[in-house]
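J.: mmCIF, C-alpha atoms, file model.cif:
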data_coords
loop_
_atom_site.group_PDB
_atom_site.id
_atom_site.type_symbol
_atom_site.label_atom_id
_atom_site.label_comp_id
_atom_site.auth_asym_id
_atom_site.auth_seq_id
_atom_site.Cartn_x
_atom_site.Cartn_y
_atom_site.Cartn_z
ATOM 1 C CA MET A 1 76.127 85.326 97.920
ATOM 2 C CA VAL A 2 78.033 83.795 100.841
ATOM 3 C CA GLY A 3 76.266 81.094 102.845
ATOM 4 C CA LEU A 4 78.302 81.675 105.994
ATOM 5 C CA ALA A 5 78.635 84.427 108.587
ATOM 6 C CA PRO A 6 80.769 87.559 108.130
ATOM 7 C CA GLY A 7 84.365 87.187 109.283
ATOM 8 C CA GLY A 8 84.967 83.681 107.987
ATOM 9 C CA ALA A 9 87.281 82.692 105.158
ATOM 10 C CA THR A 10 84.630 82.579 102.436
ATOM 11 C CA ASP A 11 83.333 85.991 103.421
ATOM 12 C CA ILE A 12 86.851 87.456 103.448
ATOM 13 C CA MET A 13 87.624 85.964 100.034
ATOM 14 C CA ALA A 14 84.381 87.362 98.622
ATOM 15 C CA ARG A 15 85.118 90.836 99.963
ATOM 16 C CA THR A 16 88.675 90.669 98.638
ATOM 17 C CA LEU A 17 87.406 89.779 95.160
ATOM 18 C CA THR A 18 84.321 91.959 94.726
ATOM 19 C CA PRO A 19 85.885 95.438 94.385
ATOM 20 C CA ALA A 20 88.083 94.346 91.479
ATOM 21 C CA LEU A 21 85.352 92.166 89.990
ATOM 22 C CA GLY A 22 82.929 95.075 90.064
ATOM 23 C CA GLU A 23 85.416 97.226 88.192
ATOM 24 C CA GLU A 24 85.973 94.511 85.598
ATOM 25 C CA LEU A 25 82.225 94.039 85.073
ATOM 26 C CA GLY A 26 81.471 97.753 85.134
ATOM 27 C CA GLN A 27 78.887 97.479 87.920
ATOM 28 C CA PRO A 28 78.866 97.044 91.708
ATOM 29 C CA VAL A 29 79.147 93.517 93.107
ATOM 30 C CA ILE A 30 77.564 93.170 96.549
ATOM 31 C CA VAL A 31 78.381 90.464 99.121
ATOM 32 C CA ASP A 32 75.155 89.113 100.644
ATOM 33 C CA ASN A 33 75.674 86.874 103.701
ATOM 34 C CA ARG A 34 72.954 84.268 104.284
ATOM 35 C CA PRO A 35 74.304 82.015 107.061
ATOM 36 C CA GLY A 36 72.611 78.828 108.166
ATOM 37 C CA ALA A 37 72.954 75.051 107.906
ATOM 38 C CA ALA A 38 76.714 75.294 107.206
ATOM 39 C CA GLY A 39 76.062 77.263 104.034
ATOM 40 C CA SER A 40 73.112 75.264 102.702
ATOM 41 C CA ILE A 41 70.607 78.108 103.083
ATOM 42 C CA GLY A 42 72.578 80.494 100.903
ATOM 43 C CA ALA A 43 73.359 77.809 98.336
ATOM 44 C CA SER A 44 69.688 76.835 98.030
ATOM 45 C CA ILE A 45 68.696 80.472 97.498
ATOM 46 C CA VAL A 46 71.157 80.828 94.631
ATOM 47 C CA ALA A 47 70.103 77.476 93.152
ATOM 48 C CA LYS A 48 66.542 78.825 92.879
ATOM 49 C CA SER A 49 67.553 82.257 91.567
ATOM 50 C CA PRO A 50 67.069 83.340 87.948
ATOM 51 C CA PRO A 51 69.919 82.046 85.740
ATOM 52 C CA ASP A 52 70.886 85.498 84.519
ATOM 53 C CA GLY A 53 74.343 85.924 86.050
ATOM 54 C CA TYR A 54 73.255 88.494 88.623
ATOM 55 C CA THR A 55 73.152 86.092 91.586
ATOM 56 C CA LEU A 56 76.243 83.956 92.170
ATOM 57 C CA PHE A 57 77.404 81.699 94.996
ATOM 58 C CA LEU A 58 80.907 81.518 96.448
ATOM 59 C CA ALA A 59 81.317 77.942 97.645
ATOM 60 C CA SER A 60 83.907 76.453 99.956
ATOM 61 C CA SER A 61 84.447 72.807 100.818
ATOM 62 C CA SER A 62 81.329 72.580 103.009
ATOM 63 C CA PHE A 63 79.314 73.068 99.814
ATOM 64 C CA THR A 64 79.818 69.439 98.817
ATOM 65 C CA SER A 65 79.948 67.922 102.291
ATOM 66 C CA ASN A 66 76.542 69.423 103.132
ATOM 67 C CA ALA A 67 74.990 67.433 100.326
ATOM 68 C CA VAL A 68 76.811 64.272 101.401
ATOM 69 C CA LEU A 69 75.544 64.595 104.982
ATOM 70 C CA ALA A 70 71.976 65.712 104.385
ATOM 71 C CA LYS A 71 69.064 63.272 104.531
ATOM 72 C CA GLN A 72 67.351 65.585 102.060
ATOM 73 C CA SER A 73 69.799 68.106 100.664
ATOM 74 C CA LEU A 74 68.491 71.580 99.887
ATOM 75 C CA TYR A 75 70.474 71.510 96.644
ATOM 76 C CA ASP A 76 72.439 69.312 94.263
ATOM 77 C CA PRO A 77 76.033 70.617 94.108
ATOM 78 C CA ILE A 78 76.414 69.399 90.548
ATOM 79 C CA GLY A 79 72.942 69.532 89.001
ATOM 80 C CA ASP A 80 71.693 72.826 90.458
ATOM 81 C CA PHE A 81 74.653 74.994 89.476
ATOM 82 C CA GLU A 82 76.781 76.092 86.559
ATOM 83 C CA PRO A 83 80.426 76.174 87.690
ATOM 84 C CA ILE A 84 82.333 79.292 86.685
ATOM 85 C CA THR A 85 85.804 79.037 88.235
ATOM 86 C CA ASN A 86 87.793 78.410 91.386
ATOM 87 C CA ILE A 87 88.883 81.785 92.737
ATOM 88 C CA ALA A 88 91.721 80.446 94.876
ATOM 89 C CA SER A 89 92.925 77.395 96.782
ATOM 90 C CA GLY A 90 94.768 77.014 100.047
ATOM 91 C CA PRO A 91 95.324 74.744 103.032
ATOM 92 C CA PHE A 92 93.797 75.143 106.470
ATOM 93 C CA LEU A 93 95.644 76.077 109.635
ATOM 94 C CA LEU A 94 95.425 74.063 112.850
ATOM 95 C CA VAL A 95 95.079 76.716 115.549
ATOM 96 C CA ILE A 96 94.697 76.384 119.312
ATOM 97 C CA ARG A 97 93.893 78.696 122.203
ATOM 98 C CA ASN A 98 97.000 80.284 123.668
ATOM 99 C CA SER A 99 96.426 78.790 127.114
ATOM 100 C CA LEU A 100 96.464 75.187 125.872
ATOM 101 C CA PRO A 101 99.771 73.699 127.118
ATOM 102 C CA VAL A 102 101.045 72.351 123.789
ATOM 103 C CA LYS A 103 103.526 73.694 121.224
ATOM 104 C CA SER A 104 103.267 71.222 118.334
ATOM 105 C CA VAL A 105 101.004 68.678 116.660
ATOM 106 C CA LYS A 106 102.938 65.943 118.448
ATOM 107 C CA ASP A 107 102.304 67.682 121.783
ATOM 108 C CA LEU A 108 98.609 68.048 120.957
ATOM 109 C CA ILE A 109 98.200 64.349 120.239
ATOM 110 C CA ALA A 110 100.070 63.433 123.419
ATOM 111 C CA TYR A 111 97.902 65.843 125.433
ATOM 112 C CA ALA A 112 94.711 64.392 123.950
ATOM 113 C CA LYS A 113 95.773 60.840 124.774
ATOM 114 C CA ALA A 114 96.772 61.814 128.315
ATOM 115 C CA ASN A 115 93.474 63.667 128.836
ATOM 116 C CA PRO A 116 90.811 61.577 127.059
ATOM 117 C CA GLY A 117 87.599 63.460 126.374
ATOM 118 C CA LYS A 118 88.994 66.801 127.531
ATOM 119 C CA LEU A 119 89.778 68.422 124.174
ATOM 120 C CA ASN A 120 87.098 70.121 122.101
ATOM 121 C CA TYR A 121 87.131 71.696 118.664
ATOM 122 C CA ALA A 122 85.066 74.344 116.907
ATOM 123 C CA SER A 123 83.486 74.200 113.473
ATOM 124 C CA SER A 124 81.123 76.295 111.389
ATOM 125 C CA GLY A 125 78.502 73.529 111.383
ATOM 126 C CA ILE A 126 77.759 69.848 110.948
ATOM 127 C CA GLY A 127 79.358 68.786 107.685
ATOM 128 C CA SER A 128 81.512 71.889 107.368
ATOM 129 C CA THR A 129 85.097 71.545 106.245
ATOM 130 C CA ALA A 130 86.318 72.321 109.757
ATOM 131 C CA HIS A 131 84.086 69.542 111.096
ATOM 132 C CA LEU A 132 85.143 66.867 108.619
ATOM 133 C CA THR A 133 88.802 67.903 108.715
ATOM 134 C CA SER A 134 88.730 67.572 112.502
ATOM 135 C CA GLU A 135 87.072 64.164 112.245
ATOM 136 C CA LEU A 136 89.740 63.065 109.777
ATOM 137 C CA PHE A 137 92.400 64.304 112.205
ATOM 138 C CA LYS A 138 90.759 62.429 115.094
ATOM 139 C CA ARG A 139 90.721 59.201 113.113
ATOM 140 C CA THR A 140 94.234 59.414 111.696
ATOM 141 C CA ALA A 141 95.795 60.632 114.966
ATOM 142 C CA GLY A 142 93.875 58.146 117.113
ATOM 143 C CA ILE A 143 92.471 60.701 119.563
ATOM 144 C CA GLU A 144 89.077 61.868 120.838
ATOM 145 C CA MET A 145 87.704 65.422 120.758
ATOM 146 C CA THR A 146 84.266 66.929 121.387
ATOM 147 C CA HIS A 147 82.630 68.866 118.565
ATOM 148 C CA ILE A 148 81.350 72.394 119.361
ATOM 149 C CA VAL A 149 79.113 73.675 116.543
ATOM 150 C CA TYR A 150 78.794 77.331 115.505
ATOM 151 C CA ARG A 151 76.796 79.210 112.869
ATOM 152 C CA GLY A 152 79.796 80.206 110.796
ATOM 153 C CA ALA A 153 83.581 80.138 110.859
ATOM 154 C CA GLY A 154 83.810 83.686 112.196
ATOM 155 C CA PRO A 155 81.990 82.975 115.487
ATOM 156 C CA ALA A 156 83.824 79.644 115.818
ATOM 157 C CA LEU A 157 87.236 81.263 115.463
ATOM 158 C CA ALA A 158 86.212 84.039 117.849
ATOM 159 C CA ASP A 159 85.717 81.512 120.641
ATOM 160 C CA VAL A 160 89.108 79.917 119.991
ATOM 161 C CA LEU A 161 90.587 83.409 120.241
ATOM 162 C CA GLY A 162 88.632 83.964 123.446
ATOM 163 C CA GLY A 163 89.798 80.690 124.962
ATOM 164 C CA GLN A 164 86.308 79.153 125.161
ATOM 165 C CA VAL A 165 87.230 76.377 122.704
ATOM 166 C CA ASP A 166 90.505 74.471 122.440
ATOM 167 C CA LEU A 167 91.191 74.306 118.723
ATOM 168 C CA MET A 168 89.973 74.613 115.161
ATOM 169 C CA PHE A 169 91.042 73.818 111.628
ATOM 170 C CA ALA A 170 90.590 77.343 110.300
ATOM 171 C CA SER A 171 91.140 78.996 106.975
ATOM 172 C CA ILE A 172 94.514 80.666 106.677
ATOM 173 C CA VAL A 173 92.668 83.672 105.241
ATOM 174 C CA SER A 174 90.804 84.246 108.513
ATOM 175 C CA SER A 175 93.278 82.937 111.095
ATOM 176 C CA LEU A 176 96.870 83.617 110.030
ATOM 177 C CA HIS A 177 96.971 87.253 111.099
ATOM 178 C CA HIS A 178 95.723 86.262 114.561
ATOM 179 C CA ALA A 179 98.546 83.723 114.840
ATOM 180 C CA LYS A 180 101.117 86.291 113.735
ATOM 181 C CA ASP A 181 99.710 88.766 116.277
ATOM 182 C CA GLY A 182 100.075 86.175 119.040
ATOM 183 C CA LYS A 183 96.341 85.944 119.726
ATOM 184 C CA LEU A 184 96.318 82.192 119.134
ATOM 185 C CA ARG A 185 98.881 79.487 118.405
ATOM 186 C CA ALA A 186 99.232 77.854 114.980
ATOM 187 C CA LEU A 187 100.570 74.294 114.961
ATOM 188 C CA GLY A 188 100.576 73.365 111.281
ATOM 189 C CA ILE A 189 98.953 73.488 107.860
ATOM 190 C CA THR A 190 96.871 70.785 106.182
ATOM 191 C CA SER A 191 98.518 70.739 102.748
ATOM 192 C CA PRO A 192 100.591 67.732 101.621
ATOM 193 C CA LYS A 193 103.773 69.826 101.582
ATOM 194 C CA ARG A 194 105.011 72.983 103.272
ATOM 195 C CA SER A 195 103.867 76.267 101.781
ATOM 196 C CA SER A 196 106.440 78.435 100.042
ATOM 197 C CA VAL A 197 104.517 81.415 101.412
ATOM 198 C CA LEU A 198 104.436 80.052 104.981
ATOM 199 C CA PRO A 199 107.579 77.908 105.302
ATOM 200 C CA GLU A 200 107.705 78.390 109.068
ATOM 201 C CA TYR A 201 104.656 76.162 109.576
ATOM 202 C CA PRO A 202 105.076 72.371 109.341
ATOM 203 C CA THR A 203 102.394 70.242 107.760
ATOM 204 C CA VAL A 204 100.142 68.236 110.053
ATOM 205 C CA GLY A 205 101.028 65.266 107.854
ATOM 206 C CA GLU A 206 104.634 65.407 109.033
ATOM 207 C CA THR A 207 103.324 64.120 112.363
ATOM 208 C CA VAL A 208 100.199 62.313 111.124
ATOM 209 C CA PRO A 209 101.169 60.568 107.853
ATOM 210 C CA GLY A 210 98.510 60.670 105.155
ATOM 211 C CA PHE A 211 96.631 63.631 106.595
ATOM 212 C CA GLU A 212 95.955 66.385 104.047
ATOM 213 C CA VAL A 213 93.093 68.739 103.190
ATOM 214 C CA VAL A 214 93.169 71.656 100.735
ATOM 215 C CA GLY A 215 90.284 74.108 100.433
ATOM 216 C CA TYR A 216 88.822 75.954 97.467
ATOM 217 C CA PHE A 217 86.622 78.985 96.766
ATOM 218 C CA GLY A 218 84.431 78.079 93.815
ATOM 219 C CA LEU A 219 82.230 80.627 92.063
ATOM 220 C CA LEU A 220 78.929 79.183 90.822
ATOM 221 C CA ALA A 221 75.859 80.387 88.952
ATOM 222 C CA PRO A 222 72.374 78.835 88.963
ATOM 223 C CA ALA A 223 71.925 75.909 86.581
ATOM 224 C CA HIS A 224 71.013 76.820 83.004
ATOM 225 C CA THR A 225 72.841 80.142 83.132
ATOM 226 C CA PRO A 226 73.685 80.781 79.448
ATOM 227 C CA ALA A 227 77.242 79.988 78.398
ATOM 228 C CA PRO A 228 77.922 83.565 77.177
ATOM 229 C CA VAL A 229 77.014 84.874 80.649
ATOM 230 C CA VAL A 230 79.289 82.321 82.335
ATOM 231 C CA ASP A 231 82.079 83.228 79.925
ATOM 232 C CA THR A 232 81.678 86.944 80.651
ATOM 233 C CA VAL A 233 81.892 86.431 84.409
ATOM 234 C CA LEU A 234 84.788 83.984 84.025
ATOM 235 C CA ALA A 235 86.806 86.449 81.961
ATOM 236 C CA ALA A 236 86.154 89.229 84.475
ATOM 237 C CA VAL A 237 87.130 87.014 87.421
ATOM 238 C CA ARG A 238 90.346 85.933 85.718
ATOM 239 C CA ARG A 239 91.323 89.553 85.163
ATOM 240 C CA ALA A 240 90.408 90.462 88.752
ATOM 241 C CA ILE A 241 92.397 87.678 90.397
ATOM 242 C CA ARG A 242 95.482 88.494 88.321
ATOM 243 C CA ARG A 243 95.621 92.007 89.715
ATOM 244 C CA PRO A 244 98.761 92.449 91.824
ATOM 245 C CA GLU A 245 96.793 93.666 94.833
ATOM 246 C CA PHE A 246 94.602 90.533 94.809
ATOM 247 C CA VAL A 247 97.555 88.184 94.343
ATOM 248 C CA GLN A 248 99.413 89.910 97.173
ATOM 249 C CA ARG A 249 96.393 89.894 99.501
ATOM 250 C CA VAL A 250 95.518 86.208 99.152
ATOM 251 C CA GLY A 251 99.172 85.186 98.955
ATOM 252 C CA ALA A 252 99.799 86.816 102.314
ATOM 253 C CA ASP A 253 97.139 84.485 103.681
ATOM 254 C CA GLY A 254 98.675 81.365 102.171
ATOM 255 C CA ALA A 255 96.236 81.025 99.261
ATOM 256 C CA GLU A 256 96.944 80.926 95.526
ATOM 257 C CA PRO A 257 94.714 82.445 92.822
ATOM 258 C CA ASP A 258 93.386 79.833 90.406
ATOM 259 C CA GLY A 259 90.973 80.806 87.616
ATOM 260 C CA CYS A 260 90.365 77.289 86.311
ATOM 261 C CA SER A 261 87.814 76.453 83.626
ATOM 262 C CA PRO A 262 84.177 75.600 84.453
ATOM 263 C CA ALA A 263 84.854 71.967 83.521
ATOM 264 C CA GLU A 264 87.831 71.820 85.875
ATOM 265 C CA LEU A 265 85.759 73.248 88.720
ATOM 266 C CA ARG A 266 83.055 70.663 88.079
ATOM 267 C CA THR A 267 85.663 67.891 88.318
ATOM 268 C CA LEU A 268 87.014 69.400 91.541
ATOM 269 C CA LEU A 269 83.515 69.420 93.063
ATOM 270 C CA GLN A 270 82.835 65.835 92.035
ATOM 271 C CA ARG A 271 86.151 64.680 93.490
ATOM 272 C CA ASP A 272 85.548 66.593 96.713
ATOM 273 C CA MET A 273 82.126 64.997 97.120
ATOM 274 C CA GLN A 274 83.714 61.563 96.893
ATOM 275 C CA THR A 275 86.395 62.434 99.453
ATOM 276 C CA MET A 276 83.860 63.887 101.889
ATOM 277 C CA ALA A 277 81.632 60.829 101.523
ATOM 278 C CA GLU A 278 84.540 58.602 102.523
ATOM 279 C CA VAL A 279 85.283 60.737 105.612
ATOM 280 C CA VAL A 280 81.627 60.757 106.662
ATOM 281 C CA GLN A 281 81.393 56.992 106.327
ATOM 282 C CA ALA A 282 84.644 56.361 108.203
ATOM 283 C CA ALA A 283 83.707 58.765 111.020
ATOM 284 C CA LYS A 284 80.161 57.331 111.166
ATOM 285 C CA ILE A 285 78.645 60.796 111.058
ATOM 286 C CA PRO A 286 74.848 60.394 110.872
ATOM 287 C CA LYS A 287 72.847 62.013 108.104
ATOM 288 C CA GLN A 288 71.350 65.282 109.249
#
Go ahead and render the structure in this file as structure tokens.

T.:
Amino acid sequence: MVGLAPGGATDIMARTLTPALGEELGQPVIVDNRPGAAGSIGASIVAKSPPDGYTLFLASSSFTSNAVLAKQSLYDPIGDFEPITNIASGPFLLVIRNSLPVKSVKDLIAYAKANPGKLNYASSGIGSTAHLTSELFKRTAGIEMTHIVYRGAGPALADVLGGQVDLMFASIVSSLHHAKDGKLRALGITSPKRSSVLPEYPTVGETVPGFEVVGYFGLLAPAHTPAPVVDTVLAAVRRAIRRPEFVQRVGADGAEPDGCSPAELRTLLQRDMQTMAEVVQAAKIPKQ
């Protein structure tokens, strides 16, 4: 299950994985999109599903930030799930509408300071990775931008492409091909160092020291899913993501297959929750 709309990075990653995963498991694997509340609706459905391995959740970074921001979270990212593995990791891409008169991160910051309150940015929801990454950028760059909220990364990116919104921190998976086709302008990536796959793009941190965000795609089962079931899915996923066609597909989008252990994914989620909590506190984002 994907808790966000079709067309976004998590949806694309799920649909890239499922054909090979279905072959490895010997049965079809269906992607079920349940958008709403920045992914919380889908996550809560999986949390309440039978722990039999037949209903899984593909989580991205908003999975933990939702819980940090919620007055009453619909799920516990740690207690309600059994981590299986991280499918892949990758940075985000700072993209802008083509008609915005800037060519670099430095230009963007200068434009924002010269036009206070004029810039806006899109996100897939309150507490989404795009939202918190943008707030981190605002704080570290010392600029102001208005938040425009969408029900999913796909619709958000569509309005950047259409010129209705100025910019977005988008997944490379969903946005890179648009940048290469000239439909929007990419200014930089959010990783701490330049990507060997995308060396032509500078890091945002080269202009804004200390700025870095790297996303993940974690596969989770409901809590209390038996260890043998988790192990079976984990083994199948590891075989699927090592297939040359999968490696090539996600690599072309700037992501790297992972396949970490359940314990390593749990640690990643715990660390991400702490980071998101610090951003929320610093940006003074109210609980939702």

J.: Could you write out as a list of chain:residue names the residues that the PyMOL selection byres ((chain A and resi 59) around 6) matches in the shown file?

T.: A:Leu58, A:Ser60, A:Phe63, A:Phe217, A:Gly218

J.: Would you list the contacts of Glu245 of chain A as a list in words, taking every protein, DNA or RNA residue within 10 Å and counting all atoms listed in the file, but skipping same-chain residues closer than 5 positions in sequence?

T.: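 That gives Thr16, Ala20, Ala240, Val250 and Gly251 of chain A.
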
J.: Let me know the residues the PyMOL selection byres ((chain A and resi 276) around 8) catches in the file above, as a list in words.

T.: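 Applying the expression gives Thr64, Ser65, Val68, Leu132, Asp272, Met273, Gln274, Thr275, Ala277, Glu278, Val279 and Val280 of chain A.
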
J.: Given the file above and the PyMOL selection byres ((chain A and resi 224-239) around 8), which residues are selected, and can you give them as a PyMOL selection string?

T.: chain A and resi 21+24-25+51-53+81-82+84-85+87+221-223+240-243+259

J.: Could you write those residues out with C-alpha atoms, as a PDB file, in the frame of the given file?

T.:
ATOM      1  CA  LEU A  21      85.352  92.166  89.990  1.00  0.00           C
ATOM      2  CA  GLU A  24      85.973  94.511  85.598  1.00  0.00           C
ATOM      3  CA  LEU A  25      82.225  94.039  85.073  1.00  0.00           C
ATOM      4  CA  PRO A  51      69.919  82.046  85.740  1.00  0.00           C
ATOM      5  CA  ASP A  52      70.886  85.498  84.519  1.00  0.00           C
ATOM      6  CA  GLY A  53      74.343  85.924  86.050  1.00  0.00           C
ATOM      7  CA  PHE A  81      74.653  74.994  89.476  1.00  0.00           C
ATOM      8  CA  GLU A  82      76.781  76.092  86.559  1.00  0.00           C
ATOM      9  CA  ILE A  84      82.333  79.292  86.685  1.00  0.00           C
ATOM     10  CA  THR A  85      85.804  79.037  88.235  1.00  0.00           C
ATOM     11  CA  ILE A  87      88.883  81.785  92.737  1.00  0.00           C
ATOM     12  CA  ALA A 221      75.859  80.387  88.952  1.00  0.00           C
ATOM     13  CA  PRO A 222      72.374  78.835  88.963  1.00  0.00           C
ATOM     14  CA  ALA A 223      71.925  75.909  86.581  1.00  0.00           C
ATOM     15  CA  ALA A 240      90.408  90.462  88.752  1.00  0.00           C
ATOM     16  CA  ILE A 241      92.397  87.678  90.397  1.00  0.00           C
ATOM     17  CA  ARG A 242      95.482  88.494  88.321  1.00  0.00           C
ATOM     18  CA  ARG A 243      95.621  92.007  89.715  1.00  0.00           C
ATOM     19  CA  GLY A 259      90.973  80.806  87.616  1.00  0.00           C
TER      20      GLY A 259
END

J.: Which residues of segment 200-282 of chain A come within 8 Å of segment 152-172 of chain A, and for each one, what is the closest pair of atoms and their distance in Å to one decimal, counting only C-alpha atoms, sorted by chain and residue number, as CSV?

T.:
residue,atom,partner,partner_atom,distance
A:Asp253,CA,A:Ile172,CA,5.5
A:Gly254,CA,A:Ile172,CA,6.2
A:Ala255,CA,A:Ile172,CA,7.6

J.: So, counting all atoms listed in the file, which residue among A:Leu176, A:Gly8, A:Leu220, A:Ser195 is closest to Ala47 of chain A?

T.: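 Among the listed residues, A:Leu220 lies closest to Ala47 of chain A.
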
J.: Calculate, to one decimal in Å, the centre and edge lengths of the box along x, y and z of the file that holds all listed atoms of segment 214-223 of chain A with 8 Å of margin on each side, and present them as JSON.

T.:
{"center_x": 82.5, "center_y": 76.1, "center_z": 93.7, "size_x": 37.2, "size_y": 25.0, "size_z": 30.2}

J.: For Arg194 of chain A, which residue among A:Ala282, A:Leu93, A:Val29, A:Arg15 is the nearest when counting all atoms listed in the file?

T.: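 When distances to Arg194 of chain A are compared using all atoms listed in the file, the smallest one comes from A:Leu93.
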
J.: With distances taken over only C-alpha atoms, which residue among A:Ile45, A:Ile30, A:Ile78, A:Val173 lies nearest Ala263 of chain A?

T.: A:Ile78
